[in-house]
Amino acid sequence: MYKKFLQLTKNLTVSLEKGLNFLTTQENNPLYFHGALPLYTFWFLIFSGIMLWMYYIPTLDRAWTSVNYITSLPVLLKDASGHLLLKNGNAVVVAVSPETGIPYGAVVRGIHRWGAAAMMITTVLHMLRVYFTDRHRAWRWLPWVSGVLLLIFVLFVGVTGYLLVWDARAYALTVWTQKWLEAVPLIGASLSTFFIGGEAIRDFTLTRFFFFHIGGATFIFWLIWMHFIRLHEPVVTPSRAVNFLTLGFILVAAGVYPAVNVTQELIARYPVLAVDQNYIASDAPAQIGYLVQTIRYDAWYLFPYYLIEKVGVNWAWFILGGATLLLFVAPFYPKDRRDNIAEVIDAKCTGCTFCSLDCPFEAITMQERAPGSKFKLIAVVQAARCSECGVCVGACPFQAIELPQNLSKSIDADVLALLKSGA
Amino acid sequence: MSDQMTATTPKKPRVIVGFVCERSIPIQEMIDAQRALTDDPETKIIILPCSGMVKPTQMELALANGADATFVCGCAINDCHYRTGNLMIRERLEGTRNPKLRKNTDKRKVGMFFFTMKDKRPFLDALAEFKATTENL
């Protein structure tokens, strides 16, 4: 039943991708680079994040103003009806003087903001695609489990990014997160104290959030290494065409909708800011003790808080915890029969390393033979990692590694028999 | 005179041997009990777990023993179920990865196709085109 479901999802996924192949060709189908796209968008976040870091001040009274200084003016302007303001056919571009803000700072923050949305979208697409095509089970458990951890940390780093701007929404998110953590039995109060860096919200709180954001992003790199460790030559960058397409999407989004703090002064100058929600990256500055009733939800990062608001902290823990647990156990069910794991024929193995170099899942290691042996090395298959694909068999010039159910001599005999019957 | 000869002499059936990945085209439903393609009985099929398992020597074996041509069919490029099997066999047949085809193998008779499980018709069309190009070799 469950396997039939996976077969159905695979059929639907392949049909969708086949349709896209007509437009893009196999070589440039973005859906074939579902794994490389999150990493590619991550680089946008790293570089734009470093630029924002240069001006950000993580203290209660300076955080909002420092972000405001970075992004005080939008660059591409729109009129009240949402159309780009044009002058002689060109979009109106405003350069900002260093006294009032950072030139194009709003665009850099826009890249950080839209890049973050792109990273979560591509990460979820990657996960769904891997799951729908049944490429998450058995020998792929480590990439899947590390992928679930990556999803959690991408979410964590994204949410802490929302806290750093320290507007009314950030304060509400901080208070709700504390309540959420306090609901944990026994250690809840300690977790809450750890989260805000003390007993009460103060300057150390912003420093702690900044550490969570940067430290979490750094930890993502370690998780990516773990994600790749059992993959031979992981695809870390999409094709050139897909690269430019993604670059274009993020830059256009950041250029058309740069991220700004919406202040009354800005609304007075640019009325469009009062009506177009896409511009609003920050609300009014946070005031300790003043909690807004509801916040603007970002579908990609703030859905846990939407759950907390709608169903309460306990149910939110139950739903999110249950979903996470299901994701963690997904690769271990159902179990397939494993009767075709590659076997090395010791007497034939010359230690040439071809099979080890070509194995897609790093399942073959080369080990030293006993002193005095005819050959120095021998290939050793790690059964738990073997996918039973036979790529190692194709790589071996000496018929020294075989799949027990698809022996080379049987295939050769099949070829000859087919030729005999067809002649 | 030659026209009459063509009309009266039965054309010798050709034999094409294909090595097909079980996860690319829906090959199980495309062959008969003799493992010939139902749409093209001249083409005989060996089914393998992955196109990356094909040894160039097996294709040479087919050619040396009477096959008129041989081909491999794997998953769509960039979408191998086992990640890199189709890329491996493509590089082996193109001569950029070991083990390669021998230098004296007629590479015009060696084809490679990469299709998804939904590409039955495009595969048959590509195969027909390949057979046409190898007809007079």
# chains A, B, ... in the order shown; residues from 1 in each chain; ligands from 1

$ interface_residues --of "chain A" --to "chain B" --cutoff "6 Å" --atoms "only C-alpha atoms" --output "number ranges by chain"
A: 26, 32, 389-391, 393-394

$ write_last_selection --atoms "N, CA, C and O atoms" --output "PDB file, in the first residue's frame"
ATOM      1  N   GLN A  26      16.949  17.965 -20.848  1.00  0.00           N
ATOM      2  CA  GLN A  26      17.349  17.238 -19.635  1.00  0.00           C
ATOM      3  C   GLN A  26      18.493  17.942 -18.917  1.00  0.00           C
ATOM      4  O   GLN A  26      18.556  17.975 -17.687  1.00  0.00           O
ATOM      5  N   TYR A  32      15.891  18.791 -11.942  1.00  0.00           N
ATOM      6  CA  TYR A  32      16.964  17.806 -11.814  1.00  0.00           C
ATOM      7  C   TYR A  32      18.113  18.333 -10.950  1.00  0.00           C
ATOM      8  O   TYR A  32      19.048  17.614 -10.645  1.00  0.00           O
ATOM      9  N   CYS A 389      23.361  -1.281  -7.366  1.00  0.00           N
ATOM     10  CA  CYS A 389      23.162  -0.700  -8.694  1.00  0.00           C
ATOM     11  C   CYS A 389      24.039  -1.370  -9.743  1.00  0.00           C
ATOM     12  O   CYS A 389      23.695  -1.397 -10.922  1.00  0.00           O
ATOM     13  N   GLY A 390      25.214  -1.848  -9.339  1.00  0.00           N
ATOM     14  CA  GLY A 390      26.102  -2.508 -10.291  1.00  0.00           C
ATOM     15  C   GLY A 390      27.041  -1.576 -11.028  1.00  0.00           C
ATOM     16  O   GLY A 390      27.737  -2.006 -11.954  1.00  0.00           O
ATOM     17  N   VAL A 391      27.097  -0.307 -10.651  1.00  0.00           N
ATOM     18  CA  VAL A 391      28.019   0.623 -11.317  1.00  0.00           C
ATOM     19  C   VAL A 391      29.464   0.131 -11.139  1.00  0.00           C
ATOM     20  O   VAL A 391      30.293   0.243 -12.046  1.00  0.00           O
ATOM     21  N   VAL A 393      30.372  -2.928 -11.048  1.00  0.00           N
ATOM     22  CA  VAL A 393      30.575  -4.035 -11.991  1.00  0.00           C
ATOM     23  C   VAL A 393      30.962  -3.476 -13.360  1.00  0.00           C
ATOM     24  O   VAL A 393      31.883  -3.970 -14.021  1.00  0.00           O
ATOM     25  N   GLY A 394      30.261  -2.421 -13.760  1.00  0.00           N
ATOM     26  CA  GLY A 394      30.574  -1.780 -15.042  1.00  0.00           C
ATOM     27  C   GLY A 394      31.963  -1.163 -15.046  1.00  0.00           C
ATOM     28  O   GLY A 394      32.599  -1.034 -16.089  1.00  0.00           O
TER      29      GLY A 394
END

$ select_by_dssp --residues "segment 125-194 of chain A" --states "alpha helix (DSSP H)" --output "ChimeraX atom specification"
/A:125-132,141-164,168-182,188-194

$ residues_around --residues "Ala217 of chain A" --least-positions-apart "3" --cutoff "8 Å" --atoms "only C-alpha atoms" --output "JSON, numbers by chain"
{"A": [153, 154, 157, 213, 214, 220, 221]}

$ select_by_dssp --residues "segment 36-259 of chain A" --states "strand (DSSP E)" --output "number ranges by chain"
A: 86-87, 90-91

$ atom_distance --atom1 "atom CA of Leu206 of chain A" --atom2 "atom CA of Asn261 of chain A"
18.1 Å

$ atom_distance --atom1 "atom CA of Cys349 of chain A" --atom2 "atom CA of Ala379 of chain A"
7.1 Å

$ residues_around --residues "Arg121 of chain B" --least-positions-apart "5" --cutoff "10 Å" --atoms "only C-alpha atoms" --output "PyMOL selection string"
chain B and resi 25+126-127

$ residues_around --residues "Arg113 of chain A" --least-positions-apart "4" --cutoff "8 Å" --atoms "only C-alpha atoms" --output "VMD selection string"
chain A and resid 109 117 254 259

$ write_last_selection --atoms "all heavy atoms" --output "CSV table (one decimal), in the first residue's frame"
chain,number,residue,atom,x,y,z
A,109,ARG,N,19.7,43.8,1.4
A,109,ARG,CA,18.8,43.1,2.4
A,109,ARG,C,17.7,42.4,1.7
A,109,ARG,O,17.2,41.3,2.1
A,109,ARG,CB,18.2,44.2,3.4
A,109,ARG,CG,17.5,43.5,4.5
A,109,ARG,CD,16.9,44.6,5.5
A,109,ARG,NE,16.0,44.0,6.4
A,109,ARG,CZ,15.1,44.6,7.1
A,109,ARG,NH1,14.9,45.9,6.9
A,109,ARG,NH2,14.2,44.0,7.9
A,117,ALA,N,13.9,33.1,1.4
A,117,ALA,CA,12.6,32.5,0.9
A,117,ALA,C,13.0,31.4,-0.1
A,117,ALA,O,12.4,30.3,-0.1
A,117,ALA,CB,11.7,33.5,0.3
A,254,ALA,N,14.7,41.2,-5.4
A,254,ALA,CA,15.3,42.1,-4.5
A,254,ALA,C,15.3,43.5,-5.1
A,254,ALA,O,15.2,44.5,-4.3
A,254,ALA,CB,16.7,41.7,-4.2
A,259,ALA,N,14.0,45.3,0.6
A,259,ALA,CA,13.6,45.1,2.0
A,259,ALA,C,13.8,46.4,2.7
A,259,ALA,O,15.0,46.9,2.8
A,259,ALA,CB,14.2,44.0,2.7

$ residues_around --residues "Phe130 of chain B" --least-positions-apart "6" --cutoff "10 Å" --atoms "only C-alpha atoms" --output "list in words"
Ala69, Thr70, Phe71, Arg108, Lys109, Val110, Gly111, Met112, Phe113 and Leu124 of chain B

$ write_last_selection --atoms "all heavy atoms" --output "mmCIF file, in the first residue's frame"
data_model
loop_
_atom_site.group_PDB
_atom_site.id
_atom_site.type_symbol
_atom_site.label_atom_id
_atom_site.label_comp_id
_atom_site.auth_asym_id
_atom_site.auth_seq_id
_atom_site.Cartn_x
_atom_site.Cartn_y
_atom_site.Cartn_z
ATOM 1 N N ALA B 69 24.088 -3.888 -34.389
ATOM 2 C CA ALA B 69 24.352 -2.678 -33.588
ATOM 3 C C ALA B 69 23.988 -2.992 -32.143
ATOM 4 O O ALA B 69 23.331 -4.004 -31.872
ATOM 5 C CB ALA B 69 23.531 -1.495 -34.099
ATOM 6 N N THR B 70 24.422 -2.135 -31.269
ATOM 7 C CA THR B 70 24.097 -2.334 -29.857
ATOM 8 C C THR B 70 23.917 -0.970 -29.205
ATOM 9 O O THR B 70 24.451 0.037 -29.686
ATOM 10 C CB THR B 70 25.207 -3.149 -29.150
ATOM 11 O OG1 THR B 70 24.847 -3.345 -27.782
ATOM 12 C CG2 THR B 70 26.556 -2.467 -29.212
ATOM 13 N N PHE B 71 23.133 -0.942 -28.176
ATOM 14 C CA PHE B 71 22.915 0.347 -27.505
ATOM 15 C C PHE B 71 22.689 0.133 -26.022
ATOM 16 O O PHE B 71 22.413 -0.982 -25.560
ATOM 17 C CB PHE B 71 21.719 1.090 -28.120
ATOM 18 C CG PHE B 71 20.387 0.443 -27.843
ATOM 19 C CD1 PHE B 71 19.665 0.736 -26.699
ATOM 20 C CD2 PHE B 71 19.853 -0.470 -28.754
ATOM 21 C CE1 PHE B 71 18.449 0.131 -26.450
ATOM 22 C CE2 PHE B 71 18.624 -1.078 -28.511
ATOM 23 C CZ PHE B 71 17.921 -0.781 -27.351
ATOM 24 N N ARG B 108 30.198 3.717 -34.494
ATOM 25 C CA ARG B 108 28.941 4.102 -35.140
ATOM 26 C C ARG B 108 27.839 3.099 -34.819
ATOM 27 O O ARG B 108 26.665 3.409 -34.901
ATOM 28 C CB ARG B 108 29.141 4.181 -36.663
ATOM 29 C CG ARG B 108 30.120 5.264 -37.099
ATOM 30 C CD ARG B 108 30.423 5.163 -38.570
ATOM 31 N NE ARG B 108 31.015 3.867 -38.933
ATOM 32 C CZ ARG B 108 31.276 3.477 -40.178
ATOM 33 N NH1 ARG B 108 30.983 4.287 -41.193
ATOM 34 N NH2 ARG B 108 31.822 2.302 -40.428
ATOM 35 N N LYS B 109 28.252 1.896 -34.468
ATOM 36 C CA LYS B 109 27.263 0.852 -34.166
ATOM 37 C C LYS B 109 26.900 0.792 -32.684
ATOM 38 O O LYS B 109 26.210 -0.114 -32.246
ATOM 39 C CB LYS B 109 27.814 -0.520 -34.597
ATOM 40 C CG LYS B 109 28.019 -0.666 -36.095
ATOM 41 C CD LYS B 109 28.527 -2.060 -36.404
ATOM 42 C CE LYS B 109 28.683 -2.251 -37.913
ATOM 43 N NZ LYS B 109 29.180 -3.597 -38.239
ATOM 44 N N VAL B 110 27.448 1.731 -31.928
ATOM 45 C CA VAL B 110 27.178 1.748 -30.484
ATOM 46 C C VAL B 110 26.343 2.989 -30.158
ATOM 47 O O VAL B 110 26.796 4.116 -30.365
ATOM 48 C CB VAL B 110 28.497 1.771 -29.683
ATOM 49 C CG1 VAL B 110 28.220 1.832 -28.180
ATOM 50 C CG2 VAL B 110 29.340 0.542 -30.018
ATOM 51 N N GLY B 111 25.136 2.758 -29.678
ATOM 52 C CA GLY B 111 24.259 3.896 -29.389
ATOM 53 C C GLY B 111 24.014 4.053 -27.901
ATOM 54 O O GLY B 111 24.255 3.134 -27.122
ATOM 55 N N MET B 112 23.587 5.234 -27.518
ATOM 56 C CA MET B 112 23.171 5.418 -26.112
ATOM 57 C C MET B 112 21.998 6.384 -26.058
ATOM 58 O O MET B 112 21.964 7.398 -26.765
ATOM 59 C CB MET B 112 24.338 5.879 -25.246
ATOM 60 C CG MET B 112 25.137 7.037 -25.749
ATOM 61 S SD MET B 112 26.486 7.368 -24.588
ATOM 62 C CE MET B 112 27.569 8.330 -25.621
ATOM 63 N N PHE B 113 21.032 6.002 -25.226
ATOM 64 C CA PHE B 113 19.814 6.799 -25.052
ATOM 65 C C PHE B 113 19.566 7.007 -23.570
ATOM 66 O O PHE B 113 19.888 6.133 -22.755
ATOM 67 C CB PHE B 113 18.604 6.074 -25.647
ATOM 68 C CG PHE B 113 18.818 5.563 -27.038
ATOM 69 C CD1 PHE B 113 18.822 4.198 -27.291
ATOM 70 C CD2 PHE B 113 19.038 6.443 -28.083
ATOM 71 C CE1 PHE B 113 19.025 3.716 -28.570
ATOM 72 C CE2 PHE B 113 19.255 5.965 -29.371
ATOM 73 C CZ PHE B 113 19.249 4.601 -29.617
ATOM 74 N N LEU B 124 11.372 4.792 -28.712
ATOM 75 C CA LEU B 124 11.180 4.012 -29.950
ATOM 76 C C LEU B 124 11.561 4.842 -31.172
ATOM 77 O O LEU B 124 12.142 4.326 -32.140
ATOM 78 C CB LEU B 124 9.744 3.511 -30.037
ATOM 79 C CG LEU B 124 9.374 2.423 -29.015
ATOM 80 C CD1 LEU B 124 7.874 2.134 -29.043
ATOM 81 C CD2 LEU B 124 10.166 1.137 -29.280
#
